[in-house]
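Shown below: target12.cif, with mmCIF, C-alpha atoms.
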data_upload
loop_
_atom_site.group_PDB
_atom_site.id
_atom_site.type_symbol
_atom_site.label_atom_id
_atom_site.label_comp_id
_atom_site.auth_asym_id
_atom_site.auth_seq_id
_atom_site.Cartn_x
_atom_site.Cartn_y
_atom_site.Cartn_z
ATOM 1 C CA MET M 1 -75.051 49.269 -48.048
ATOM 2 C CA LYS M 2 -74.360 50.397 -51.615
ATOM 3 C CA ALA M 3 -77.014 50.678 -54.320
ATOM 4 C CA THR M 4 -77.759 52.021 -57.765
ATOM 5 C CA LEU M 5 -80.993 53.887 -58.389
ATOM 6 C CA HIS M 6 -82.669 54.606 -61.718
ATOM 7 C CA THR M 7 -85.749 56.830 -61.691
ATOM 8 C CA ASP M 8 -88.014 58.308 -64.312
ATOM 9 C CA GLY M 9 -91.170 60.357 -64.311
ATOM 10 C CA ALA M 10 -93.705 60.227 -67.130
ATOM 11 C CA CYS M 11 -96.560 62.523 -67.938
ATOM 12 C CA LEU M 12 -99.324 61.838 -70.464
ATOM 13 C CA GLY M 13 -99.710 65.375 -71.719
ATOM 14 C CA ASN M 14 -98.022 68.268 -70.001
ATOM 15 C CA PRO M 15 -99.746 68.709 -67.612
ATOM 16 C CA GLY M 16 -101.469 65.370 -67.407
ATOM 17 C CA PRO M 17 -101.556 62.041 -65.580
ATOM 18 C CA MET M 18 -98.172 61.279 -64.020
ATOM 19 C CA GLY M 19 -96.361 58.028 -63.306
ATOM 20 C CA LEU M 20 -93.175 57.288 -61.384
ATOM 21 C CA GLY M 21 -90.710 54.528 -62.233
ATOM 22 C CA ILE M 22 -88.098 53.339 -59.759
ATOM 23 C CA VAL M 23 -85.429 50.641 -60.086
ATOM 24 C CA LEU M 24 -83.195 50.183 -57.042
ATOM 25 C CA GLN M 25 -80.384 47.639 -57.343
ATOM 26 C CA LEU M 26 -78.860 46.707 -54.004
ATOM 27 C CA GLU M 27 -75.316 45.410 -53.638
ATOM 28 C CA THR M 28 -76.853 42.157 -52.329
ATOM 29 C CA GLY M 29 -78.198 41.491 -55.827
ATOM 30 C CA GLU M 30 -81.796 42.292 -54.912
ATOM 31 C CA THR M 31 -83.667 44.608 -57.285
ATOM 32 C CA ILE M 32 -86.712 46.598 -56.180
ATOM 33 C CA GLU M 33 -88.968 47.948 -58.923
ATOM 34 C CA LYS M 34 -91.920 50.275 -58.448
ATOM 35 C CA ALA M 35 -94.441 51.754 -60.851
ATOM 36 C CA THR M 36 -96.463 54.370 -58.977
ATOM 37 C CA PRO M 37 -99.398 56.381 -60.355
ATOM 38 C CA ALA M 38 -98.993 59.973 -59.126
ATOM 39 C CA GLY M 39 -102.052 62.052 -60.002
ATOM 40 C CA ASN M 40 -101.810 64.977 -62.401
ATOM 41 C CA GLY M 41 -98.923 67.371 -62.955
ATOM 42 C CA THR M 42 -96.142 68.323 -65.320
ATOM 43 C CA ASN M 43 -93.287 66.236 -66.624
ATOM 44 C CA ASN M 44 -90.782 68.085 -64.430
ATOM 45 C CA ILE M 45 -92.904 67.460 -61.330
ATOM 46 C CA ALA M 46 -93.061 63.776 -62.295
ATOM 47 C CA GLU M 47 -89.269 63.620 -62.681
ATOM 48 C CA TYR M 48 -88.661 65.213 -59.273
ATOM 49 C CA SER M 49 -91.351 63.053 -57.660
ATOM 50 C CA ALA M 50 -89.740 59.904 -59.064
ATOM 51 C CA LEU M 51 -86.375 60.918 -57.614
ATOM 52 C CA LEU M 52 -87.962 61.604 -54.213
ATOM 53 C CA ALA M 53 -89.783 58.263 -54.259
ATOM 54 C CA GLY M 54 -86.578 56.465 -55.231
ATOM 55 C CA LEU M 55 -84.597 58.144 -52.468
ATOM 56 C CA ALA M 56 -87.289 57.135 -49.970
ATOM 57 C CA VAL M 57 -87.114 53.491 -51.112
ATOM 58 C CA ALA M 58 -83.317 53.555 -50.846
ATOM 59 C CA LYS M 59 -83.563 54.922 -47.312
ATOM 60 C CA GLN M 60 -86.098 52.199 -46.381
ATOM 61 C CA HIS M 61 -83.554 49.601 -47.500
ATOM 62 C CA LYS M 62 -80.824 51.201 -45.370
ATOM 63 C CA VAL M 63 -78.722 52.312 -48.341
ATOM 64 C CA THR M 64 -75.803 54.531 -47.326
ATOM 65 C CA HIS M 65 -73.895 54.852 -50.621
ATOM 66 C CA LEU M 66 -76.087 55.647 -53.607
ATOM 67 C CA GLU M 67 -75.505 56.263 -57.290
ATOM 68 C CA ALA M 68 -78.672 57.751 -58.813
ATOM 69 C CA TYR M 69 -79.260 57.944 -62.553
ATOM 70 C CA LEU M 70 -81.974 60.045 -64.203
ATOM 71 C CA ASP M 71 -82.696 60.926 -67.806
ATOM 72 C CA SER M 72 -83.960 64.381 -66.815
ATOM 73 C CA GLU M 73 -81.132 66.790 -67.483
ATOM 74 C CA LEU M 74 -83.105 69.579 -65.813
ATOM 75 C CA VAL M 75 -83.503 67.728 -62.494
ATOM 76 C CA VAL M 76 -79.892 66.523 -62.455
ATOM 77 C CA LYS M 77 -78.444 69.967 -63.206
ATOM 78 C CA GLN M 78 -80.717 71.618 -60.641
ATOM 79 C CA ILE M 79 -79.920 69.031 -57.948
ATOM 80 C CA ASN M 80 -76.196 69.378 -58.631
ATOM 81 C CA GLY M 81 -76.367 73.189 -58.527
ATOM 82 C CA ALA M 82 -75.496 73.870 -62.172
ATOM 83 C CA TRP M 83 -78.929 75.398 -62.931
ATOM 84 C CA ARG M 84 -81.165 77.603 -60.801
ATOM 85 C CA VAL M 85 -84.666 76.479 -59.847
ATOM 86 C CA LYS M 86 -87.076 79.249 -60.813
ATOM 87 C CA ASP M 87 -90.489 77.545 -60.581
ATOM 88 C CA ALA M 88 -92.012 77.667 -57.071
ATOM 89 C CA THR M 89 -93.389 74.120 -57.237
ATOM 90 C CA LEU M 90 -90.034 72.752 -58.373
ATOM 91 C CA GLN M 91 -88.251 74.782 -55.669
ATOM 92 C CA ALA M 92 -90.243 72.920 -53.012
ATOM 93 C CA LEU M 93 -89.454 69.537 -54.598
ATOM 94 C CA HIS M 94 -85.800 70.537 -55.003
ATOM 95 C CA SER M 95 -85.537 71.466 -51.315
ATOM 96 C CA LYS M 96 -87.191 68.207 -50.298
ATOM 97 C CA ALA M 97 -84.763 66.240 -52.499
ATOM 98 C CA HIS M 98 -81.791 67.928 -50.833
ATOM 99 C CA GLU M 99 -83.200 67.014 -47.420
ATOM 100 C CA TYR M 100 -83.491 63.372 -48.538
ATOM 101 C CA LEU M 101 -79.954 63.416 -49.973
ATOM 102 C CA LYS M 102 -78.566 64.321 -46.538
ATOM 103 C CA ASP M 103 -79.599 60.837 -45.336
ATOM 104 C CA PHE M 104 -76.852 59.189 -47.394
ATOM 105 C CA THR M 105 -73.157 58.995 -46.506
ATOM 106 C CA GLN M 106 -72.209 59.228 -50.171
ATOM 107 C CA VAL M 107 -74.487 60.052 -53.093
ATOM 108 C CA SER M 108 -74.163 61.032 -56.722
ATOM 109 C CA VAL M 109 -76.905 62.123 -59.115
ATOM 110 C CA THR M 110 -75.985 61.627 -62.765
ATOM 111 C CA HIS M 111 -77.724 62.317 -66.058
ATOM 112 C CA VAL M 112 -78.026 59.397 -68.488
ATOM 113 C CA ARG M 113 -79.623 59.138 -71.901
ATOM 114 C CA ARG M 114 -83.061 57.531 -72.058
ATOM 115 C CA HIS M 115 -81.688 54.322 -73.624
ATOM 116 C CA LEU M 116 -79.687 53.758 -70.412
ATOM 117 C CA ASN M 117 -82.798 54.205 -68.267
ATOM 118 C CA THR M 118 -85.220 51.936 -70.125
ATOM 119 C CA ARG M 119 -86.661 49.947 -67.202
ATOM 120 C CA ALA M 120 -87.461 53.019 -65.082
ATOM 121 C CA ASP M 121 -88.889 54.663 -68.212
ATOM 122 C CA ALA M 122 -91.174 51.675 -68.893
ATOM 123 C CA LEU M 123 -92.355 51.583 -65.279
ATOM 124 C CA SER M 124 -93.123 55.319 -65.269
ATOM 125 C CA LYS M 125 -95.181 55.046 -68.453
ATOM 126 C CA GLN M 126 -97.032 52.023 -67.070
ATOM 127 C CA ALA M 127 -97.839 53.998 -63.919
ATOM 128 C CA ALA M 128 -98.962 57.080 -65.884
ATOM 129 C CA GLU M 129 -101.355 54.881 -67.873
ATOM 130 C CA ALA M 130 -102.713 53.487 -64.589
ATOM 131 C CA THR M 131 -103.345 57.046 -63.359
ATOM 132 C CA THR M 132 -105.907 57.490 -66.135
ATOM 133 C CA LYS M 133 -107.933 54.416 -65.070
#
Let me see whether you can do it: turn the structure in this file into structure tokens.
Amino acid sequence: MKATLHTDGACLGNPGPMGLGIVLQLETGETIEKATPAGNGTNNIAEYSALLAGLAVAKQHKVTHLEAYLDSELVVKQINGAWRVKDATLQALHSKAHEYLKDFTQVSVTHVRRHLNTRADALSKQAAEATTK
């Protein structure tokens, strides 16, 4: 099954309360949206965590061919090998993401501007707000 994934991580403060936004559009026409509060952390941790959560949802829906879009240039360039991962916490998340990516027959991870990721962005902010309650 083919699908398109948009993810975003939000952080109220840096560090601060985190939220994850996920929009998975399946080739069947079904769209799965999730807004998940994620405790406290940094914006980069939130971005990686959103990608991991999105990949897990895609796997649950038996997606084999995935196009993932993120507005975090750092995460995209690190996942695609253009930038090194220096931070130990991000290294662990990066390794986990690569393990998840192996579950797909074909996968791409692409950077998009925020205005092309508006629904995932809104969900992540909603979830970050919920983390504070």
Exactly which residues make up the result of the PyMOL selection byres ((chain M and resi 14) around 8) on this file, given as a PDB file with C-alpha atoms, in the frame of the given file?
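Output (out_33.pdb):
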ATOM      1  CA  CYS M  11     -96.560  62.523 -67.938  1.00  0.00           C
ATOM      2  CA  LEU M  12     -99.324  61.838 -70.464  1.00  0.00           C
ATOM      3  CA  GLY M  13     -99.710  65.375 -71.719  1.00  0.00           C
ATOM      4  CA  PRO M  15     -99.746  68.709 -67.612  1.00  0.00           C
ATOM      5  CA  GLY M  16    -101.469  65.370 -67.407  1.00  0.00           C
ATOM      6  CA  GLY M  41     -98.923  67.371 -62.955  1.00  0.00           C
ATOM      7  CA  THR M  42     -96.142  68.323 -65.320  1.00  0.00           C
ATOM      8  CA  ASN M  43     -93.287  66.236 -66.624  1.00  0.00           C
TER       9      ASN M  43
END
Next item on the list: Go through the shown structure with the PyMOL selection byres ((chain M and resi 32-34) around 9) and write out the matching residues as a list in words.
Entry: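 What the PyMOL selection byres ((chain M and resi 32-34) around 9) grabs from the file is Leu20, Gly21, Ile22, Val23, Leu24, Gln25, Leu26, Glu30, Thr31, Ala35, Thr36, Gly54, Val57, Arg119, Ala120, Leu123, Ser124 and Ala127 of chain M.
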Emit the selected residues as a PDB file, in the coordinates of the input, including C-alpha atoms.
ATOM      1  CA  LEU M  20     -93.175  57.288 -61.384  1.00  0.00           C
ATOM      2  CA  GLY M  21     -90.710  54.528 -62.233  1.00  0.00           C
ATOM      3  CA  ILE M  22     -88.098  53.339 -59.759  1.00  0.00           C
ATOM      4  CA  VAL M  23     -85.429  50.641 -60.086  1.00  0.00           C
ATOM      5  CA  LEU M  24     -83.195  50.183 -57.042  1.00  0.00           C
ATOM      6  CA  GLN M  25     -80.384  47.639 -57.343  1.00  0.00           C
ATOM      7  CA  LEU M  26     -78.860  46.707 -54.004  1.00  0.00           C
ATOM      8  CA  GLU M  30     -81.796  42.292 -54.912  1.00  0.00           C
ATOM      9  CA  THR M  31     -83.667  44.608 -57.285  1.00  0.00           C
ATOM     10  CA  ALA M  35     -94.441  51.754 -60.851  1.00  0.00           C
ATOM     11  CA  THR M  36     -96.463  54.370 -58.977  1.00  0.00           C
ATOM     12  CA  GLY M  54     -86.578  56.465 -55.231  1.00  0.00           C
ATOM     13  CA  VAL M  57     -87.114  53.491 -51.112  1.00  0.00           C
ATOM     14  CA  ARG M 119     -86.661  49.947 -67.202  1.00  0.00           C
ATOM     15  CA  ALA M 120     -87.461  53.019 -65.082  1.00  0.00           C
ATOM     16  CA  LEU M 123     -92.355  51.583 -65.279  1.00  0.00           C
ATOM     17  CA  SER M 124     -93.123  55.319 -65.269  1.00  0.00           C
ATOM     18  CA  ALA M 127     -97.839  53.998 -63.919  1.00  0.00           C
TER      19      ALA M 127
END
Next item on the list: Expand the PyMOL selection byres ((chain M and resi 9) around 8) into the individual residues it matches in the shown file, reporting them as a list in words.
Entry: Thr7, Asp8, Ala10, Cys11, Met18, Gly19, Leu20, Gly21, Asn43, Asn44, Ile45, Ala46, Glu47, Tyr48, Ser49, Ala50, Asp121, Ser124 and Lys125 of chain M
Margin query: Counting all atoms listed in the file, which residue out of M:Gln126, M:Leu101, M:Tyr69, M:Lys77 sits closest to Leu5 of chain M?
Written below: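 Once distances to Leu5 of chain M are computed over all atoms listed in the file, the minimum belongs to M:Tyr69.
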Note to self: Just to confirm, what's the straight-line distance from atom CA of Glu27 of chain M to atom CA of His115 of chain M in Å (one decimal)?
What the structure shows: 22.8 Å
Note to self: As an exercise, work out the distance from atom CA of Gly81 of chain M to atom CA of His98 of chain M in Å and give it to one decimal place.
What the structure shows: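 These atoms are spaced 10.8 Å apart.
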Checklist line | Shell around Gln106 of chain M at 12 Å using only C-alpha atoms, local window under 5 positions removed, as an MDAnalysis selection string | finding: chainID M and resid 1:4 63:68 101
